$ cat my_file09.txt   # compact mmCIF, C-alpha atoms
# COMPACT_ATOMS: atom_id res chain seq x y z
CA MET A 179 -0.08 17.17 -14.93
CA TYR A 180 -1.41 19.91 -17.22
CA SER A 181 -4.95 20.96 -18.08
CA VAL A 182 -5.33 21.72 -21.80
CA GLN A 183 -8.11 24.15 -22.77
CA LEU A 184 -9.57 24.40 -26.27
CA ALA A 185 -10.92 27.57 -27.86
CA ARG A 186 -12.93 26.12 -30.75
CA THR A 187 -13.41 28.03 -34.01
CA ASN A 188 -14.87 25.98 -36.85
CA PHE A 189 -13.90 22.74 -35.08
CA PRO A 190 -17.16 20.86 -34.46
CA GLY A 191 -15.58 17.40 -34.17
CA ALA A 192 -12.94 15.63 -32.09
CA VAL A 193 -9.50 17.17 -31.67
CA THR A 194 -6.36 14.99 -31.39
CA PHE A 195 -3.35 15.97 -29.26
CA ALA A 196 0.35 15.06 -29.39
CA VAL A 197 3.71 16.23 -28.06
CA LEU A 198 6.02 17.04 -30.97
CA GLY A 199 9.21 17.30 -28.91
CA GLY A 200 10.97 18.48 -25.77
CA LEU A 201 10.29 15.47 -23.55
CA PRO A 202 13.16 14.26 -21.33
CA SER A 203 14.76 11.03 -22.57
CA GLY A 204 12.51 8.07 -21.77
CA ALA A 205 9.54 10.22 -20.67
CA THR A 206 6.03 9.59 -21.99
CA ALA A 207 3.09 11.95 -22.53
CA THR A 208 -0.56 10.89 -22.24
CA PHE A 209 -3.58 13.05 -23.09
CA THR A 210 -6.93 12.12 -21.53
CA PRO A 211 -9.24 12.10 -23.41
CA ASN A 212 -7.53 11.88 -26.76
CA PRO A 213 -9.15 12.66 -29.15
CA ALA A 214 -11.26 15.16 -27.20
CA ALA A 215 -14.83 15.89 -28.20
CA GLY A 216 -15.20 18.63 -25.59
CA ASN A 217 -13.10 21.65 -24.74
CA THR A 218 -10.60 20.17 -22.29
CA SER A 219 -8.01 17.41 -22.01
CA THR A 220 -5.44 16.49 -19.37
CA LEU A 221 -1.74 15.95 -20.17
CA GLN A 222 0.11 13.56 -17.85
CA ILE A 223 3.93 13.35 -18.07
CA SER A 224 5.69 10.23 -16.73
CA THR A 225 9.46 10.33 -16.29
CA PRO A 226 11.76 7.29 -15.89
CA ALA A 227 13.96 6.64 -12.87
CA THR A 228 16.98 7.81 -14.88
CA ALA A 229 15.53 11.25 -15.70
CA GLY A 230 17.80 14.05 -14.52
CA ASN A 231 16.76 17.34 -12.99
CA GLY A 232 16.12 20.16 -15.43
CA SER A 233 13.71 22.41 -17.28
CA PHE A 234 12.19 21.24 -20.56
CA THR A 235 10.02 23.02 -23.14
CA LEU A 236 7.33 20.70 -24.50
CA PHE A 237 5.94 21.49 -27.96
CA LEU A 238 2.27 20.54 -28.29
CA VAL A 239 0.13 20.11 -31.37
CA SER A 240 -3.60 19.59 -31.81
CA TYR A 241 -5.45 18.91 -35.02
CA GLY A 242 -8.92 18.17 -36.31
CA LYS A 243 -11.33 18.70 -39.19
CA ASN A 244 -12.76 22.16 -39.72
CA LEU A 245 -16.22 22.84 -41.18
CA SER A 246 -14.91 22.39 -44.73
CA GLY A 247 -13.48 18.97 -43.88
CA SER A 248 -9.85 20.04 -44.05
CA THR A 249 -7.38 19.14 -41.31
CA GLN A 250 -6.30 22.18 -39.35
CA PHE A 251 -3.47 22.37 -36.81
CA ALA A 252 -2.83 24.45 -33.67
CA TYR A 253 0.42 24.68 -31.72
CA SER A 254 1.41 25.58 -28.19
CA SER A 255 4.21 24.97 -25.68
CA VAL A 256 4.51 24.38 -21.94
CA ASN A 257 7.45 24.29 -19.54
CA LEU A 258 8.20 21.07 -17.64
CA VAL A 259 10.43 21.17 -14.56
CA VAL A 260 11.81 17.86 -13.28
CA THR A 261 13.03 17.90 -9.68
CA ALA A 262 14.03 14.75 -7.85
CA SER A 263 13.22 15.05 -4.16
CA GLY A 264 15.30 12.38 -2.46
CA LYS A 265 14.08 10.44 0.55
CA PRO A 266 16.49 9.59 3.36
CA PHE A 267 18.14 6.18 3.14
CA THR A 268 18.43 4.01 6.23
CA ILE A 269 21.21 1.96 7.81
CA SER A 270 20.50 -1.01 10.06
CA GLY A 271 22.36 -3.93 11.59
CA ASN A 272 23.26 -5.78 14.76
CA LEU A 273 26.41 -7.31 16.18
CA SER A 274 27.03 -10.87 15.08
CA ASP A 275 27.17 -12.12 18.70
CA ALA A 276 27.48 -10.98 22.33
CA LEU A 277 30.49 -8.98 23.47
CA ALA A 278 32.92 -9.95 26.23
CA PRO A 279 36.19 -8.44 27.49
CA GLY A 280 38.74 -8.43 24.68
CA ILE A 281 36.20 -9.53 22.05
CA SER A 282 35.44 -7.66 18.82
CA ARG A 283 32.33 -8.20 16.69
CA PRO A 284 31.82 -7.02 13.07
CA LEU A 285 28.67 -5.33 11.79
CA ASN A 286 27.18 -6.49 8.50
CA LEU A 287 25.22 -3.28 7.94
CA THR A 288 22.23 -3.17 5.58
CA LEU A 289 21.63 -0.04 3.49
CA THR A 290 18.06 0.61 2.30
CA ASN A 291 17.32 3.05 -0.53
CA PRO A 292 13.66 4.20 -0.92
CA ASN A 293 14.43 6.38 -3.95
CA LYS A 294 13.81 5.64 -7.63
CA LYS A 295 17.49 6.09 -8.49
CA PRO A 296 20.55 4.13 -7.34
CA LEU A 297 22.35 5.65 -4.39
CA SER A 298 26.09 6.04 -3.80
CA VAL A 299 26.88 5.93 -0.07
CA THR A 300 30.05 7.20 1.60
CA ASN A 301 31.22 8.23 5.08
CA LEU A 302 29.73 5.33 7.03
CA THR A 303 30.05 5.94 10.76
CA VAL A 304 29.09 3.82 13.77
CA THR A 305 28.82 5.14 17.32
CA VAL A 306 27.81 3.62 20.64
CA GLN A 307 24.93 5.92 21.53
CA THR A 308 23.91 4.56 24.93
CA VAL A 309 24.82 1.75 27.33
CA THR A 310 22.00 0.42 29.51
CA ARG A 311 23.23 -1.47 32.57
CA THR A 312 21.29 -4.16 34.38
CA ALA A 313 19.27 -3.28 37.49
CA TYR A 314 21.83 -5.20 39.58
CA ALA A 315 24.73 -3.15 38.19
CA ILE A 316 22.87 0.08 38.85
CA ALA A 317 21.92 -0.95 42.39
CA HIS A 318 25.52 -1.88 43.20
CA ASN A 319 26.98 1.21 41.51
CA GLN A 320 28.97 -0.85 39.02
CA PRO A 321 29.96 1.44 36.12
CA CYS A 322 29.85 0.73 32.40
CA THR A 323 29.88 3.42 29.71
CA ALA A 324 30.33 3.85 25.97
CA ALA A 325 34.05 4.30 26.66
CA ASP A 326 34.19 0.56 27.44
CA TYR A 327 33.21 -0.20 23.82
CA PRO A 328 35.63 1.24 21.23
CA VAL A 329 34.52 1.24 17.60
CA VAL A 330 36.65 0.52 14.55
CA GLN A 331 35.06 2.27 11.58
CA TYR A 332 34.46 0.91 8.09
CA SER A 333 37.72 0.65 6.14
CA GLY A 334 36.51 -0.62 2.77
CA THR A 335 36.27 1.24 -0.52
CA TYR A 336 33.69 3.87 -1.47
CA PRO A 337 31.17 4.47 -2.84
CA LEU A 338 28.79 1.71 -1.80
CA THR A 339 26.07 1.40 -4.45
CA VAL A 340 22.52 0.70 -3.28
CA PRO A 341 19.95 -0.15 -5.99
CA ALA A 342 16.84 1.95 -6.53
CA ASN A 343 13.97 0.94 -4.23
CA GLY A 344 16.12 -1.77 -2.71
CA SER A 345 18.44 -2.89 0.05
CA THR A 346 21.92 -4.33 0.14
CA SER A 347 24.28 -5.47 2.89
CA LEU A 348 28.01 -5.00 3.21
CA ALA A 349 28.42 -8.74 2.71
CA SER A 350 26.41 -8.74 -0.52
CA LEU A 351 28.55 -5.83 -1.77
CA GLY A 352 31.62 -8.00 -1.28
CA VAL A 353 32.97 -6.11 1.73
CA SER A 354 35.25 -8.45 3.68
CA THR A 355 34.67 -9.03 7.38
CA SER A 356 37.97 -7.30 8.16
CA ALA A 357 36.81 -4.09 6.43
CA ARG A 358 33.41 -3.89 8.12
CA PRO A 359 32.91 -1.68 11.18
CA LYS A 360 33.52 -3.42 14.50
CA VAL A 361 32.53 -2.89 18.10
CA SER A 362 34.81 -4.23 20.85
CA MET A 363 34.74 -4.50 24.60
CA LEU A 364 37.84 -3.41 26.46
CA ASN A 365 39.68 -5.93 28.60
CA THR A 366 41.01 -3.93 31.56
CA ALA A 367 42.50 -4.67 34.95
CA LEU A 368 39.52 -2.94 36.57
CA ASN A 369 36.34 -4.72 37.69
CA GLN A 370 34.03 -4.81 34.66
CA ASP A 371 31.02 -6.46 36.27
CA GLY A 372 28.95 -3.36 35.47
CA CYS A 373 29.07 -4.36 31.79
CA LYS A 374 27.68 -7.86 32.36
CA GLY A 375 24.33 -8.07 30.60
CA ALA A 376 24.51 -4.45 29.44
CA THR A 377 22.62 -3.46 26.29
CA LEU A 378 24.19 -1.21 23.67
CA LYS A 379 22.29 1.15 21.41
CA LEU A 380 24.23 1.77 18.21
CA ALA A 381 23.75 4.73 15.86
CA TYR A 382 24.66 4.75 12.18
CA SER A 383 25.20 7.58 9.74
CA GLY A 384 26.42 8.06 6.18
CA SER A 385 26.24 10.32 3.14
CA GLY A 386 24.17 9.41 0.09
CA GLN A 387 24.25 10.81 -3.43
CA GLY A 388 21.71 9.87 -6.12
CA SER A 389 23.11 8.85 -9.48

$ encode --input "my_file09.txt" --output "structure tokens"
Amino acid sequence: MYSVQLARTNFPGAVTFAVLGGLPSGATATFTPNPAAGNTSTLQISTPATAGNGSFTLFLVSYGKNLSGSTQFAYSSVNLVVTASGKPFTISGNLSDALAPGISRPLNLTLTNPNKKPLSVTNLTVTVQTVTRTAYAIAHNQPCTAADYPVVQYSGTYPLTVPANGSTSLASLGVSTSARPKVSMLNTALNQDGCKGATLKLAYSGSGQGS
């Protein structure tokens, strides 16, 4: 937003403003008020979601009737800097069902993009962050750790495209169940009672690039 100041000389009436050129593609310029009867106006620039980062020189013109009734013009320029400050995207999801020894469950992760541009996501990673045992398992010293739950990472293609200001799941992107990340529970010869009723906390990460 810019504040436009007028230095009037022989301009008793209203002055009209316009931007002659320099706007990013798809951007709009609005002067308020326009025409201006006083000595100030405000210029508001609105850029579309597709506007790229960059520096732009805007060429301004104002015109109005002088005391003799002739139209007189004045010109100026301002510099516009467009910088897209991206917000972090989020990844969420839960296992499709409970785990048991020897059982693997896929994760249909949902990617949420709060930015005004589509997002290309790569490097999806899933980790078992914590394992919380039941009070019984703790009291009876029955172990269960993240090592009991191996993870098979996402094996589909990249990038995964998330729409602007929207969410999408791996399923809606056409990622097959076999390519989605999976969490398993080991089936060992050891006593695994410590894992009965345990709760897993999963952590997700990935890399996002605005388009």

$ closest_residue --input "my_file09.txt" --among "A:Gly242, A:Pro359, A:Gly386, A:Pro284" --to "Thr339 in chain A" --atoms "all atoms listed in the file"
A:Gly386

$ residues_around --input "my_file09.txt" --residues "Val182 in chain A" --least-positions-apart "6" --cutoff "8 Å" --atoms "all atoms listed in the file" --output "list in words"
Thr218, Ser219, Thr220 and Leu221 of chain A

$ write_last_selection --input "my_file09.txt" --atoms "C-alpha atoms" --output "PDB file, keeping the file's coordinate frame"
ATOM      1  CA  THR A 218     -10.600  20.170 -22.290  1.00  0.00           C
ATOM      2  CA  SER A 219      -8.010  17.410 -22.010  1.00  0.00           C
ATOM      3  CA  THR A 220      -5.440  16.490 -19.370  1.00  0.00           C
ATOM      4  CA  LEU A 221      -1.740  15.950 -20.170  1.00  0.00           C
TER       5      LEU A 221
END

$ closest_residue --input "my_file09.txt" --among "A:Leu351, A:Ala315, A:Val193, A:Ala381" --to "Asn369 in chain A" --atoms "all atoms listed in the file"
A:Ala315

$ atom_distance --input "my_file09.txt" --atom1 "CA of Ser233 in chain A" --atom2 "CA of Thr206 in chain A"
15.7 Å

$ atom_distance --input "my_file09.txt" --atom1 "CA of Leu238 in chain A" --atom2 "CA of Ile223 in chain A"
12.6 Å

$ closest_residue --input "my_file09.txt" --among "A:Gly280, A:Gly334, A:Gly271, A:Pro321" --to "Leu380 in chain A" --atoms "all atoms listed in the file"
A:Gly271

$ closest_residue --input "my_file09.txt" --among "A:Phe234, A:Phe267, A:Phe209, A:Tyr180" --to "Val340 in chain A" --atoms "all atoms listed in the file"
A:Phe267

$ closest_residue --input "my_file09.txt" --among "A:Leu277, A:Ala214, A:Ala192, A:Val260" --to "Thr377 in chain A" --atoms "all atoms listed in the file"
A:Leu277

$ closest_residue --input "my_file09.txt" --among "A:Val299, A:Leu245, A:Val353, A:Cys373" --to "Pro266 in chain A" --atoms "only C-alpha atoms"
A:Val299

$ residues_around --input "my_file09.txt" --residues "Gln307 in chain A" --least-positions-apart "4" --cutoff "10 Å" --atoms "all atoms listed in the file" --output "list in words"
Thr323, Ala324, Leu378, Lys379, Leu380, Ala381 and Tyr382 of chain A

$ decode --input "my_file09.txt" --residues "range 361-383 of chain A" --atoms "N, CA and C atoms" --output "JSON list (two decimals), in the first residue's frame"
[["chain", "number", "residue", "atom", "x", "y", "z"],
["A", 361, "VAL", "N", 3.54, -49.05, 8.89],
["A", 361, "VAL", "CA", 4.10, -49.36, 10.21],
["A", 361, "VAL", "C", 3.73, -50.80, 10.53],
["A", 362, "SER", "N", 4.72, -51.57, 10.98],
["A", 362, "SER", "CA", 4.51, -52.99, 11.32],
["A", 362, "SER", "C", 4.83, -53.24, 12.77],
["A", 363, "MET", "N", 4.39, -54.39, 13.24],
["A", 363, "MET", "CA", 4.82, -54.87, 14.56],
["A", 363, "MET", "C", 5.57, -56.17, 14.36],
["A", 364, "LEU", "N", 6.77, -56.23, 14.93],
["A", 364, "LEU", "CA", 7.57, -57.44, 14.79],
["A", 364, "LEU", "C", 6.88, -58.64, 15.43],
["A", 365, "ASN", "N", 7.12, -59.80, 14.85],
["A", 365, "ASN", "CA", 6.65, -61.05, 15.44],
["A", 365, "ASN", "C", 7.90, -61.84, 15.85],
["A", 366, "THR", "N", 8.24, -61.80, 17.13],
["A", 366, "THR", "CA", 9.48, -62.41, 17.60],
["A", 366, "THR", "C", 9.19, -63.60, 18.51],
["A", 367, "ALA", "N", 10.23, -64.34, 18.81],
["A", 367, "ALA", "CA", 10.11, -65.49, 19.72],
["A", 367, "ALA", "C", 10.07, -65.04, 21.17],
["A", 368, "LEU", "N", 10.36, -63.75, 21.42],
["A", 368, "LEU", "CA", 10.35, -63.24, 22.78],
["A", 368, "LEU", "C", 8.93, -62.91, 23.23],
["A", 369, "ASN", "N", 8.74, -62.79, 24.53],
["A", 369, "ASN", "CA", 7.44, -62.38, 25.08],
["A", 369, "ASN", "C", 7.18, -60.92, 24.69],
["A", 370, "GLN", "N", 6.07, -60.66, 24.03],
["A", 370, "GLN", "CA", 5.74, -59.32, 23.57],
["A", 370, "GLN", "C", 4.53, -58.73, 24.29],
["A", 371, "ASP", "N", 4.25, -59.24, 25.48],
["A", 371, "ASP", "CA", 3.09, -58.75, 26.21],
["A", 371, "ASP", "C", 3.19, -57.26, 26.54],
["A", 372, "GLY", "N", 4.43, -56.74, 26.61],
["A", 372, "GLY", "CA", 4.59, -55.32, 26.92],
["A", 372, "GLY", "C", 4.00, -54.41, 25.85],
["A", 373, "CYS", "N", 3.79, -54.95, 24.64],
["A", 373, "CYS", "CA", 3.23, -54.15, 23.54],
["A", 373, "CYS", "C", 1.71, -54.24, 23.46],
["A", 374, "LYS", "N", 1.10, -55.10, 24.29],
["A", 374, "LYS", "CA", -0.36, -55.18, 24.27],
["A", 374, "LYS", "C", -0.97, -53.87, 24.76],
["A", 375, "GLY", "N", -1.80, -53.28, 23.95],
["A", 375, "GLY", "CA", -2.47, -52.03, 24.35],
["A", 375, "GLY", "C", -1.58, -50.81, 24.30],
["A", 376, "ALA", "N", -0.37, -50.94, 23.79],
["A", 376, "ALA", "CA", 0.53, -49.79, 23.72],
["A", 376, "ALA", "C", 0.02, -48.77, 22.70],
["A", 377, "THR", "N", 0.35, -47.52, 22.93],
["A", 377, "THR", "CA", -0.05, -46.43, 22.03],
["A", 377, "THR", "C", 1.19, -45.85, 21.37],
["A", 378, "LEU", "N", 1.13, -45.74, 20.04],
["A", 378, "LEU", "CA", 2.25, -45.17, 19.29],
["A", 378, "LEU", "C", 1.98, -43.71, 18.96],
["A", 379, "LYS", "N", 3.03, -42.91, 19.04],
["A", 379, "LYS", "CA", 2.98, -41.53, 18.55],
["A", 379, "LYS", "C", 3.86, -41.45, 17.33],
["A", 380, "LEU", "N", 3.25, -41.14, 16.18],
["A", 380, "LEU", "CA", 3.98, -41.09, 14.92],
["A", 380, "LEU", "C", 4.34, -39.64, 14.58],
["A", 381, "ALA", "N", 5.48, -39.46, 13.95],
["A", 381, "ALA", "CA", 5.92, -38.14, 13.50],
["A", 381, "ALA", "C", 6.12, -38.19, 12.00],
["A", 382, "TYR", "N", 5.71, -37.10, 11.32],
["A", 382, "TYR", "CA", 5.81, -37.02, 9.87],
["A", 382, "TYR", "C", 6.64, -35.81, 9.47],
["A", 383, "SER", "N", 7.36, -35.95, 8.39],
["A", 383, "SER", "CA", 8.13, -34.82, 7.86],
["A", 383, "SER", "C", 8.16, -34.91, 6.34]]
